[in-house]
$ cat coords.pdb   # PDB, C-alpha atoms
ATOM      1  CA  MET A   1      12.055   2.426 -19.881
ATOM      2  CA  SER A   2      12.791   3.642 -23.400
ATOM      3  CA  SER A   3      15.157   0.804 -24.264
ATOM      4  CA  ARG A   4      13.476  -2.432 -25.201
ATOM      5  CA  ARG A   5      14.574  -5.117 -22.834
ATOM      6  CA  PRO A   6      14.645  -8.823 -23.741
ATOM      7  CA  ARG A   7      12.208 -10.976 -21.850
ATOM      8  CA  SER A   8      14.939 -12.826 -20.078
ATOM      9  CA  ARG A   9      14.030 -13.116 -16.453
ATOM     10  CA  ALA A  10      17.152 -14.895 -15.335
ATOM     11  CA  SER A  11      19.206 -11.724 -15.153
ATOM     12  CA  THR A  12      21.449 -11.309 -12.176
ATOM     13  CA  GLY A  13      21.401  -8.149 -10.121
ATOM     14  CA  ALA A  14      18.214  -6.100 -10.353
ATOM     15  CA  SER A  15      15.373  -8.405 -11.409
ATOM     16  CA  ARG A  16      13.731  -6.913 -14.482
ATOM     17  CA  ILE A  17      10.112  -7.838 -14.768
ATOM     18  CA  SER A  18       8.897  -7.236 -18.310
ATOM     19  CA  ASP A  19       6.260  -4.610 -18.970
ATOM     20  CA  GLU A  20       4.036  -7.329 -20.329
ATOM     21  CA  GLN A  21       4.056  -9.142 -16.996
ATOM     22  CA  ILE A  22       3.253  -5.926 -15.193
ATOM     23  CA  SER A  23       0.288  -5.215 -17.440
ATOM     24  CA  ASP A  24      -0.866  -8.810 -16.979
ATOM     25  CA  LEU A  25      -0.838  -8.320 -13.231
ATOM     26  CA  VAL A  26      -2.680  -5.044 -13.582
ATOM     27  CA  ALA A  27      -5.291  -6.767 -15.742
ATOM     28  CA  LYS A  28      -5.756  -9.389 -13.047
ATOM     29  CA  LEU A  29      -6.360  -6.631 -10.524
ATOM     30  CA  GLN A  30      -8.847  -5.034 -12.840
ATOM     31  CA  ALA A  31     -10.721  -8.333 -13.066
ATOM     32  CA  LEU A  32     -11.090  -8.346  -9.285
ATOM     33  CA  LEU A  33     -12.815  -4.987  -9.153
ATOM     34  CA  PRO A  34     -16.521  -5.093  -8.375
ATOM     35  CA  GLU A  35     -17.706  -3.632 -11.695
ATOM     36  CA  ALA A  36     -15.305  -5.698 -13.735
ATOM     37  CA  ARG A  37     -18.134  -7.377 -15.576
ATOM     38  CA  LEU A  38     -19.897  -4.120 -16.366
ATOM     39  CA  ARG A  39     -16.856  -2.476 -17.801
ATOM     40  CA  SER A  40     -15.692  -3.402 -21.236
ATOM     41  CA  SER A  41     -12.946  -5.940 -21.458
ATOM     42  CA  ASP A  42     -10.655  -3.173 -22.669
ATOM     43  CA  ARG A  43      -7.919  -2.437 -20.261
ATOM     44  CA  MET A  44      -8.103   0.608 -18.090
ATOM     45  CA  PRO A  45      -4.920   2.605 -17.634
ATOM     46  CA  SER A  46      -2.959   1.101 -14.796
ATOM     47  CA  SER A  47      -3.143   4.268 -12.731
ATOM     48  CA  ARG A  48      -6.929   4.022 -12.814
ATOM     49  CA  VAL A  49      -6.842   0.347 -11.906
ATOM     50  CA  LEU A  50      -4.669   1.165  -8.894
ATOM     51  CA  GLN A  51      -6.959   4.001  -7.898
ATOM     52  CA  GLU A  52     -10.052   1.816  -8.113
ATOM     53  CA  THR A  53      -8.286  -0.968  -6.238
ATOM     54  CA  CYS A  54      -7.378   1.437  -3.452
ATOM     55  CA  SER A  55     -10.960   2.571  -3.032
ATOM     56  CA  TYR A  56     -12.162  -1.009  -3.245
ATOM     57  CA  ILE A  57      -9.779  -2.073  -0.481
ATOM     58  CA  ARG A  58     -10.873   0.884   1.624
ATOM     59  CA  SER A  59     -14.518  -0.024   1.145
ATOM     60  CA  LEU A  60     -13.782  -3.633   2.098
ATOM     61  CA  HIS A  61     -12.064  -2.427   5.268
ATOM     62  CA  ARG A  62     -15.131  -0.354   6.071
ATOM     63  CA  GLU A  63     -17.349  -3.371   5.507
ATOM     64  CA  VAL A  64     -15.247  -5.429   7.898
ATOM     65  CA  ASP A  65     -15.641  -2.698  10.511
ATOM     66  CA  ASP A  66     -19.373  -2.486   9.964
ATOM     67  CA  LEU A  67     -19.869  -6.245  10.012
ATOM     68  CA  SER A  68     -17.783  -6.545  13.178
ATOM     69  CA  ASP A  69     -20.080  -4.064  14.788
ATOM     70  CA  ARG A  70     -23.192  -5.953  13.752
ATOM     71  CA  LEU A  71     -21.694  -9.269  14.787
ATOM     72  CA  SER A  72     -20.906  -7.940  18.240
ATOM     73  CA  GLU A  73     -24.501  -6.780  18.609
ATOM     74  CA  LEU A  74     -25.894 -10.063  17.373
ATOM     75  CA  LEU A  75     -23.614 -12.118  19.575
ATOM     76  CA  ALA A  76     -24.946 -10.320  22.596
ATOM     77  CA  THR A  77     -28.612 -10.576  21.786
ATOM     78  CA  SER A  78     -29.314 -13.649  19.739
ATOM     79  CA  ASP A  79     -29.816 -17.172  20.947
ATOM     80  CA  VAL A  80     -26.303 -18.385  20.396
ATOM     81  CA  SER A  81     -26.836 -22.116  20.619
ATOM     82  CA  THR A  82     -29.428 -22.073  17.858
ATOM     83  CA  ALA A  83     -27.149 -19.962  15.713
ATOM     84  CA  GLN A  84     -24.212 -22.218  16.430
ATOM     85  CA  ALA A  85     -26.196 -25.222  15.294
ATOM     86  CA  ALA A  86     -27.156 -23.378  12.140
ATOM     87  CA  ILE A  87     -23.550 -22.498  11.438
ATOM     88  CA  ILE A  88     -22.322 -26.007  11.955
ATOM     89  CA  ARG A  89     -25.041 -27.296   9.703
ATOM     90  CA  SER A  90     -24.184 -24.833   6.984
ATOM     91  CA  LEU A  91     -20.497 -25.660   7.202
ATOM     92  CA  LEU A  92     -21.153 -29.341   6.853
ATOM     93  CA  MET A  93     -23.170 -29.034   3.699
TER      94      MET A  93
ATOM     95  CA  MET B   1      11.601 -20.831 -19.732
ATOM     96  CA  ALA B   2      13.339 -19.798 -16.569
ATOM     97  CA  VAL B   3      10.995 -17.875 -14.315
ATOM     98  CA  LYS B   4      12.757 -15.543 -11.962
ATOM     99  CA  ARG B   5       9.730 -14.785  -9.859
ATOM    100  CA  THR B   6       8.334 -17.709  -7.928
ATOM    101  CA  ALA B   7       4.754 -18.117  -8.997
ATOM    102  CA  PRO B   8       2.253 -18.361  -6.134
ATOM    103  CA  SER B   9       1.867 -22.054  -5.389
ATOM    104  CA  PRO B  10      -1.610 -23.452  -4.813
ATOM    105  CA  PRO B  11      -2.290 -23.858  -1.108
ATOM    106  CA  THR B  12      -1.425 -27.335   0.140
ATOM    107  CA  PRO B  13      -4.486 -29.205   1.394
ATOM    108  CA  ARG B  14      -4.687 -28.490   5.076
ATOM    109  CA  PRO B  15      -5.679 -31.189   7.578
ATOM    110  CA  ASN B  16      -9.452 -31.239   7.555
ATOM    111  CA  PRO B  17     -10.654 -30.460  11.067
ATOM    112  CA  ASN B  18     -13.959 -32.187  10.425
ATOM    113  CA  PRO B  19     -13.623 -35.549   8.707
ATOM    114  CA  ASN B  20     -17.328 -35.593   7.856
ATOM    115  CA  ARG B  21     -17.046 -32.475   5.774
ATOM    116  CA  ARG B  22     -17.614 -33.023   2.111
ATOM    117  CA  ALA B  23     -15.328 -31.449  -0.449
ATOM    118  CA  PRO B  24     -16.637 -28.113  -1.763
ATOM    119  CA  ALA B  25     -18.926 -28.624  -4.726
ATOM    120  CA  SER B  26     -17.461 -25.878  -6.866
ATOM    121  CA  GLY B  27     -13.742 -26.381  -7.225
ATOM    122  CA  ALA B  28     -12.057 -23.780  -5.072
ATOM    123  CA  ASP B  29      -9.864 -21.513  -7.121
ATOM    124  CA  ALA B  30      -6.263 -22.399  -6.442
ATOM    125  CA  ALA B  31      -5.403 -18.818  -5.678
ATOM    126  CA  SER B  32      -8.312 -18.003  -3.381
ATOM    127  CA  PRO B  33      -8.220 -18.919   0.286
ATOM    128  CA  SER B  34      -9.948 -22.024   1.522
ATOM    129  CA  LYS B  35     -13.322 -20.786   2.720
ATOM    130  CA  ARG B  36     -13.560 -23.588   5.233
ATOM    131  CA  MET B  37     -10.292 -22.662   6.902
ATOM    132  CA  LEU B  38     -11.380 -19.052   6.954
ATOM    133  CA  ALA B  39     -14.640 -20.016   8.648
ATOM    134  CA  PHE B  40     -12.874 -22.368  11.024
ATOM    135  CA  HIS B  41     -10.441 -19.764  12.315
ATOM    136  CA  PHE B  42     -12.940 -16.946  12.509
ATOM    137  CA  ILE B  43     -15.762 -18.865  14.137
ATOM    138  CA  ARG B  44     -13.408 -20.322  16.685
ATOM    139  CA  ALA B  45     -12.268 -16.794  17.523
ATOM    140  CA  LEU B  46     -15.889 -15.642  17.706
ATOM    141  CA  ALA B  47     -16.741 -18.393  20.162
ATOM    142  CA  ARG B  48     -13.815 -17.380  22.331
ATOM    143  CA  ILE B  49     -14.818 -13.745  22.169
ATOM    144  CA  HIS B  50     -18.396 -14.586  23.069
ATOM    145  CA  ARG B  51     -17.179 -16.478  26.124
ATOM    146  CA  SER B  52     -14.592 -14.140  27.502
ATOM    147  CA  THR B  53     -14.630 -10.637  26.047
ATOM    148  CA  PRO B  54     -16.674  -7.969  27.808
ATOM    149  CA  VAL B  55     -19.349  -6.472  25.589
ATOM    150  CA  PRO B  56     -17.964  -2.931  25.191
ATOM    151  CA  ARG B  57     -14.734  -4.182  23.635
ATOM    152  CA  ARG B  58     -16.289  -6.715  21.335
ATOM    153  CA  THR B  59     -16.432  -4.764  18.103
ATOM    154  CA  ARG B  60     -12.741  -4.021  18.219
ATOM    155  CA  THR B  61     -11.858  -7.556  19.187
ATOM    156  CA  ILE B  62     -14.025  -9.056  16.480
ATOM    157  CA  ARG B  63     -12.454  -6.770  13.926
ATOM    158  CA  ARG B  64      -8.990  -7.847  15.013
ATOM    159  CA  ALA B  65     -10.077 -11.476  14.956
ATOM    160  CA  ALA B  66     -11.310 -11.009  11.392
ATOM    161  CA  TYR B  67      -7.904  -9.840  10.204
ATOM    162  CA  SER B  68      -6.024 -12.431  12.248
ATOM    163  CA  SER B  69      -8.072 -15.338  11.000
ATOM    164  CA  MET B  70      -7.839 -14.006   7.466
ATOM    165  CA  ALA B  71      -4.060 -13.911   7.760
ATOM    166  CA  ARG B  72      -3.928 -17.362   9.373
ATOM    167  CA  ALA B  73      -6.090 -18.970   6.717
ATOM    168  CA  ALA B  74      -4.038 -17.426   3.942
ATOM    169  CA  ASN B  75      -0.970 -18.872   2.328
ATOM    170  CA  PRO B  76       1.848 -18.242   4.839
ATOM    171  CA  ARG B  77       4.201 -17.496   1.967
ATOM    172  CA  ARG B  78       2.263 -14.336   1.269
ATOM    173  CA  VAL B  79       4.026 -11.229   2.471
ATOM    174  CA  TRP B  80       0.784  -9.557   3.457
ATOM    175  CA  SER B  81      -0.375 -12.399   5.673
ATOM    176  CA  ARG B  82       2.926 -12.495   7.545
ATOM    177  CA  ALA B  83       2.992  -8.716   7.854
ATOM    178  CA  LEU B  84      -0.583  -8.683   9.141
ATOM    179  CA  LEU B  85       0.157 -11.307  11.788
ATOM    180  CA  GLN B  86       3.234  -9.346  12.851
ATOM    181  CA  GLN B  87       1.167  -6.202  13.185
ATOM    182  CA  MET B  88      -1.371  -8.030  15.311
ATOM    183  CA  ARG B  89       1.316  -9.432  17.572
ATOM    184  CA  ALA B  90       2.981  -6.057  17.939
ATOM    185  CA  ARG B  91      -0.298  -4.445  18.798
ATOM    186  CA  ARG B  92      -1.035  -7.019  21.475
ATOM    187  CA  ALA B  93       2.438  -6.597  22.982
ATOM    188  CA  THR B  94       2.265  -2.867  23.537
ATOM    189  CA  THR B  95      -0.055  -1.088  25.919
ATOM    190  CA  ARG B  96      -3.077   0.792  24.646
ATOM    191  CA  ARG B  97      -1.409   4.107  25.326
ATOM    192  CA  ALA B  98       1.574   3.138  23.239
ATOM    193  CA  ALA B  99      -0.756   2.118  20.429
ATOM    194  CA  VAL B 100      -2.365   5.560  20.437
ATOM    195  CA  LEU B 101       1.068   7.169  20.382
ATOM    196  CA  ARG B 102       2.193   4.946  17.548
ATOM    197  CA  ARG B 103      -0.722   6.069  15.447
ATOM    198  CA  SER B 104       0.100   9.722  16.018
ATOM    199  CA  VAL B 105       3.784   9.187  15.240
ATOM    200  CA  SER B 106       3.228   7.267  12.024
ATOM    201  CA  ALA B 107       0.625   9.798  10.906
ATOM    202  CA  ALA B 108       3.317  12.478  10.792
ATOM    203  CA  PRO B 109       6.207  10.957   8.867
ATOM    204  CA  ALA B 110       8.058  14.258   8.733
ATOM    205  CA  THR B 111       8.739  14.157  12.461
ATOM    206  CA  PRO B 112      12.306  13.080  13.234
ATOM    207  CA  PRO B 113      11.861   9.542  14.509
ATOM    208  CA  GLY B 114      14.234   9.633  17.456
ATOM    209  CA  GLY B 115      13.237  12.961  18.953
ATOM    210  CA  GLY B 116       9.506  12.598  18.463
ATOM    211  CA  ALA B 117       9.234   9.131  19.921
ATOM    212  CA  ARG B 118      11.480   9.749  22.888
ATOM    213  CA  SER B 119       9.760  12.895  23.972
ATOM    214  CA  ILE B 120       6.335  11.268  24.060
ATOM    215  CA  ALA B 121       6.820   7.693  25.128
ATOM    216  CA  GLY B 122       7.658   6.729  28.671
ATOM    217  CA  GLU B 123       8.377   3.027  28.703
ATOM    218  CA  ASP B 124      11.560   1.735  27.103
ATOM    219  CA  GLU B 125       9.910  -1.068  25.209
ATOM    220  CA  SER B 126       7.349   1.126  23.526
ATOM    221  CA  THR B 127       9.996   3.734  22.732
ATOM    222  CA  THR B 128      11.996   1.188  20.809
ATOM    223  CA  THR B 129       8.888  -0.043  19.027
ATOM    224  CA  LEU B 130       7.762   3.474  18.187
ATOM    225  CA  ALA B 131      11.177   4.547  17.001
ATOM    226  CA  ALA B 132      11.564   1.441  14.897
ATOM    227  CA  LEU B 133       8.138   1.906  13.354
ATOM    228  CA  ALA B 134       8.733   5.573  12.638
ATOM    229  CA  ARG B 135      12.080   4.783  11.124
ATOM    230  CA  THR B 136      10.508   2.189   8.877
ATOM    231  CA  ALA B 137       7.799   4.587   7.809
ATOM    232  CA  ALA B 138      10.236   7.389   7.095
ATOM    233  CA  ALA B 139      12.820   5.254   5.360
ATOM    234  CA  ALA B 140      10.466   3.228   3.153
ATOM    235  CA  ALA B 141      11.224   4.161  -0.419
ATOM    236  CA  PRO B 142       7.910   5.181  -1.951
ATOM    237  CA  HIS B 143       9.025   4.569  -5.509
ATOM    238  CA  ARG B 144      10.828   1.319  -5.835
ATOM    239  CA  GLN B 145      10.939   1.274  -9.605
ATOM    240  CA  ALA B 146      11.167   4.002 -12.154
ATOM    241  CA  GLY B 147       8.033   2.992 -14.058
ATOM    242  CA  GLU B 148       5.842   2.663 -11.003
ATOM    243  CA  PRO B 149       2.794   4.956 -11.103
ATOM    244  CA  ALA B 150       2.243   7.386  -8.286
ATOM    245  CA  ARG B 151      -0.905   5.592  -7.127
ATOM    246  CA  ALA B 152       1.174   2.640  -6.041
ATOM    247  CA  ASP B 153       2.175   4.663  -3.014
ATOM    248  CA  ALA B 154      -1.381   4.682  -1.681
ATOM    249  CA  LEU B 155      -1.668   0.983  -2.442
ATOM    250  CA  ARG B 156       1.479   0.263  -0.469
ATOM    251  CA  ARG B 157      -0.096   1.880   2.545
ATOM    252  CA  LEU B 158      -3.270  -0.166   2.233
ATOM    253  CA  VAL B 159      -1.755  -3.593   1.759
ATOM    254  CA  PRO B 160      -0.013  -4.977   4.858
ATOM    255  CA  GLY B 161       3.716  -5.111   4.326
ATOM    256  CA  GLY B 162       3.319  -3.187   1.116
ATOM    257  CA  ASN B 163       6.134  -0.769   1.785
ATOM    258  CA  GLU B 164       8.883  -3.298   1.329
ATOM    259  CA  MET B 165       7.666  -4.934  -1.841
ATOM    260  CA  GLU B 166       8.769  -4.571  -5.391
ATOM    261  CA  TYR B 167       6.116  -3.173  -7.677
ATOM    262  CA  SER B 168       5.338  -6.419  -9.473
ATOM    263  CA  ASN B 169       5.184  -8.246  -6.176
ATOM    264  CA  LEU B 170       2.913  -5.548  -4.805
ATOM    265  CA  LEU B 171       0.459  -6.174  -7.636
ATOM    266  CA  GLU B 172       0.414  -9.899  -6.953
ATOM    267  CA  GLU B 173       0.054  -9.470  -3.215
ATOM    268  CA  THR B 174      -2.708  -6.924  -3.708
ATOM    269  CA  ALA B 175      -4.685  -9.356  -5.829
ATOM    270  CA  ASP B 176      -4.381 -12.048  -3.184
ATOM    271  CA  TYR B 177      -5.187  -9.597  -0.396
ATOM    272  CA  VAL B 178      -8.306  -8.394  -2.202
ATOM    273  CA  ARG B 179      -9.493 -11.958  -2.761
ATOM    274  CA  CYS B 180      -8.986 -12.842   0.888
ATOM    275  CA  LEU B 181     -10.615  -9.635   2.090
ATOM    276  CA  ARG B 182     -13.599 -10.318  -0.082
ATOM    277  CA  ALA B 183     -13.896 -13.879   1.213
ATOM    278  CA  GLN B 184     -13.677 -12.608   4.782
ATOM    279  CA  VAL B 185     -16.408 -10.046   4.141
ATOM    280  CA  GLN B 186     -18.602 -12.713   2.561
ATOM    281  CA  LEU B 187     -18.054 -14.951   5.545
ATOM    282  CA  MET B 188     -18.954 -12.237   8.018
ATOM    283  CA  GLN B 189     -22.007 -11.255   6.015
ATOM    284  CA  GLY B 190     -23.098 -14.893   5.965
ATOM    285  CA  LEU B 191     -22.685 -15.094   9.729
ATOM    286  CA  VAL B 192     -24.682 -11.933  10.252
ATOM    287  CA  ASP B 193     -27.454 -13.382   8.114
ATOM    288  CA  LEU B 194     -27.346 -16.646  10.030
ATOM    289  CA  PHE B 195     -27.477 -14.944  13.394
ATOM    290  CA  SER B 196     -30.289 -12.705  12.274
ATOM    291  CA  ALA B 197     -32.319 -15.567  10.877
ATOM    292  CA  GLY B 198     -31.823 -17.750  13.886
ATOM    293  CA  ARG B 199     -33.607 -15.417  16.262
TER     294      ARG B 199
END
$ encode --input "coords.pdb" --output "structure tokens"
Amino acid sequence: MSSRRPRSRASTGASRISDEQISDLVAKLQALLPEARLRSSDRMPSSRVLQETCSYIRSLHREVDDLSDRLSELLATSDVSTAQAAIIRSLLM
Amino acid sequence: MAVKRTAPSPPTPRPNPNPNRRAPASGADAASPSKRMLAFHFIRALARIHRSTPVPRRTRTIRRAAYSSMARAANPRRVWSRALLQQMRARRATTRRAAVLRRSVSAAPATPPGGGARSIAGEDESTTTLAALARTAAAAAPHRQAGEPARADALRRLVPGGNEMEYSNLLEETADYVRCLRAQVQLMQGLVDLFSAGR
């Protein structure tokens, strides 16, 4: 990566994405992180962005598991027709 | 300016299942999944689960339904959504025992794929699936590009279909995957609130 490559993206063979595009993509990922607004707008190093993204994805997976569990409980116990009506109402508005 | 990478196209407007539904007030971000389609797929799956799935298996089934509906509502041109749907289909096709074996095989990538799978699995179909999966796991190049940071390896494991992507593509797919995951979590949280309030 020491040689400076032109920003031509129409190269045949191995597609060379410019470093600028990569850092743009990394910045977009950083913006998705939960504390994106708290952090300064300065860019984090990409390794840190990837690390935070990994833990964020893992925490989202855990939330899906937890919410599935709660949903299965609620499905069994709650009055489903009332809830269904509420859902349909909320979707329509 | 010629763009080699195809930029992610905004999702084409899907046929509205409910003609009375008003358009969302806040303009939906072109890159984020349609929340209505997400709700449509997931709630339909929930209704089916409520009707037919026995209670002990519900958590697992709901979890699978969450990922399936997330993948279905997403842009089908996304690698992760296709990979996720493939995973779901493969899981449904094999028996539960084979699924347990697959997890133990893929957890130990150092094991020679042919010998390990054949010695454990009994049925032919699951042997082929296990061997193929192990081969894919062992052969997947962890570092596709020279400049790719080491953390990308962990990311590849988290994002469905991440092993086969180029680094730049991985970053794009990850962003989309995170957005969809977040929308799915928000949807499920909203449903939990609704069910709790409706008691």
$ atom_distance --input "coords.pdb" --atom1 "CA of Leu29 (chain A)" --atom2 "CA of Phe42 (chain B)"
26.1 Å
$ closest_residue --input "coords.pdb" --among "A:Val49, A:Ser59, A:Glu35, A:Asp69" --to "chain B" --atoms "only C-alpha atoms"
A:Asp69
$ resolve_selection --input "coords.pdb" --expression "the PyMOL selection byres ((chain B and resi 158-160) around 9)" --output "PDB file with C-alpha atoms, in the frame of the given file"
ATOM      1  CA  CYS A  54      -7.378   1.437  -3.452  1.00  0.00           C
ATOM      2  CA  ILE A  57      -9.779  -2.073  -0.481  1.00  0.00           C
ATOM      3  CA  ARG A  58     -10.873   0.884   1.624  1.00  0.00           C
TER       4      ARG A  58
ATOM      5  CA  VAL B  79       4.026 -11.229   2.471  1.00  0.00           C
ATOM      6  CA  TRP B  80       0.784  -9.557   3.457  1.00  0.00           C
ATOM      7  CA  SER B  81      -0.375 -12.399   5.673  1.00  0.00           C
ATOM      8  CA  ARG B  82       2.926 -12.495   7.545  1.00  0.00           C
ATOM      9  CA  ALA B  83       2.992  -8.716   7.854  1.00  0.00           C
ATOM     10  CA  LEU B  84      -0.583  -8.683   9.141  1.00  0.00           C
ATOM     11  CA  GLN B  87       1.167  -6.202  13.185  1.00  0.00           C
ATOM     12  CA  ASP B 153       2.175   4.663  -3.014  1.00  0.00           C
ATOM     13  CA  ALA B 154      -1.381   4.682  -1.681  1.00  0.00           C
ATOM     14  CA  LEU B 155      -1.668   0.983  -2.442  1.00  0.00           C
ATOM     15  CA  ARG B 156       1.479   0.263  -0.469  1.00  0.00           C
ATOM     16  CA  ARG B 157      -0.096   1.880   2.545  1.00  0.00           C
ATOM     17  CA  GLY B 161       3.716  -5.111   4.326  1.00  0.00           C
ATOM     18  CA  GLY B 162       3.319  -3.187   1.116  1.00  0.00           C
ATOM     19  CA  ASN B 163       6.134  -0.769   1.785  1.00  0.00           C
ATOM     20  CA  LEU B 170       2.913  -5.548  -4.805  1.00  0.00           C
ATOM     21  CA  GLU B 173       0.054  -9.470  -3.215  1.00  0.00           C
ATOM     22  CA  THR B 174      -2.708  -6.924  -3.708  1.00  0.00           C
ATOM     23  CA  TYR B 177      -5.187  -9.597  -0.396  1.00  0.00           C
TER      24      TYR B 177
END
$ closest_residue --input "coords.pdb" --among "A:Ser55, A:Ser46, A:Gln84, A:Thr77" --to "Gln30 (chain A)" --atoms "all atoms listed in the file"
A:Ser46
$ atom_distance --input "coords.pdb" --atom1 "CA of Glu164 (chain B)" --atom2 "CA of Ala150 (chain B)"
15.8 Å
$ residues_around --input "coords.pdb" --residues "Ser47 (chain A)" --least-positions-apart "6" --cutoff "10 Å" --atoms "all atoms listed in the file" --output "list in words"
Val26 and Thr53 of chain A; Glu148, Pro149, Ala150, Arg151 and Ala152 of chain B
$ atom_distance --input "coords.pdb" --atom1 "CA of Ala47 (chain B)" --atom2 "CA of Asp176 (chain B)"
27.2 Å
$ closest_residue --input "coords.pdb" --among "B:Leu38, B:Ile49, B:Ala71, B:Ile62" --to "chain A" --atoms "all atoms listed in the file"
B:Ile62
$ residues_around --input "coords.pdb" --residues "Asp65 (chain A)" --least-positions-apart "4" --cutoff "10 Å" --atoms "only C-alpha atoms" --output "compact mmCIF listing (two decimals) with C-alpha atoms, in the frame of the given file"
# COMPACT_ATOMS: atom_id res chain seq x y z
CA SER A 59 -14.52 -0.02 1.14
CA LEU A 60 -13.78 -3.63 2.10
CA HIS A 61 -12.06 -2.43 5.27
CA ASP A 69 -20.08 -4.06 14.79
CA ARG A 70 -23.19 -5.95 13.75
CA LEU A 71 -21.69 -9.27 14.79
CA THR B 59 -16.43 -4.76 18.10
CA ARG B 60 -12.74 -4.02 18.22
CA ILE B 62 -14.02 -9.06 16.48
CA ARG B 63 -12.45 -6.77 13.93
CA ARG B 64 -8.99 -7.85 15.01
CA ALA B 66 -11.31 -11.01 11.39
CA VAL B 185 -16.41 -10.05 4.14
$ closest_residue --input "coords.pdb" --among "A:Asp19, A:Asp24, A:Glu63, A:Glu73" --to "Gln184 (chain B)" --atoms "all atoms listed in the file"
A:Glu63
$ closest_residue --input "coords.pdb" --among "A:Tyr56, A:Asp42, A:Leu33, A:Ser68" --to "chain B" --atoms "only C-alpha atoms"
A:Ser68
$ axis_aligned_box --input "coords.pdb" --around "region 54-66 of chain A" --padding-each-side "3 Å" --output "JSON"
{"center_x": -13.4, "center_y": -1.4, "center_z": 3.5, "size_x": 18.0, "size_y": 14.0, "size_z": 20.0}
$ closest_residue --input "coords.pdb" --among "B:Ala183, B:Leu171, B:Val105, B:Ala65" --to "chain A" --atoms "all atoms listed in the file"
B:Leu171
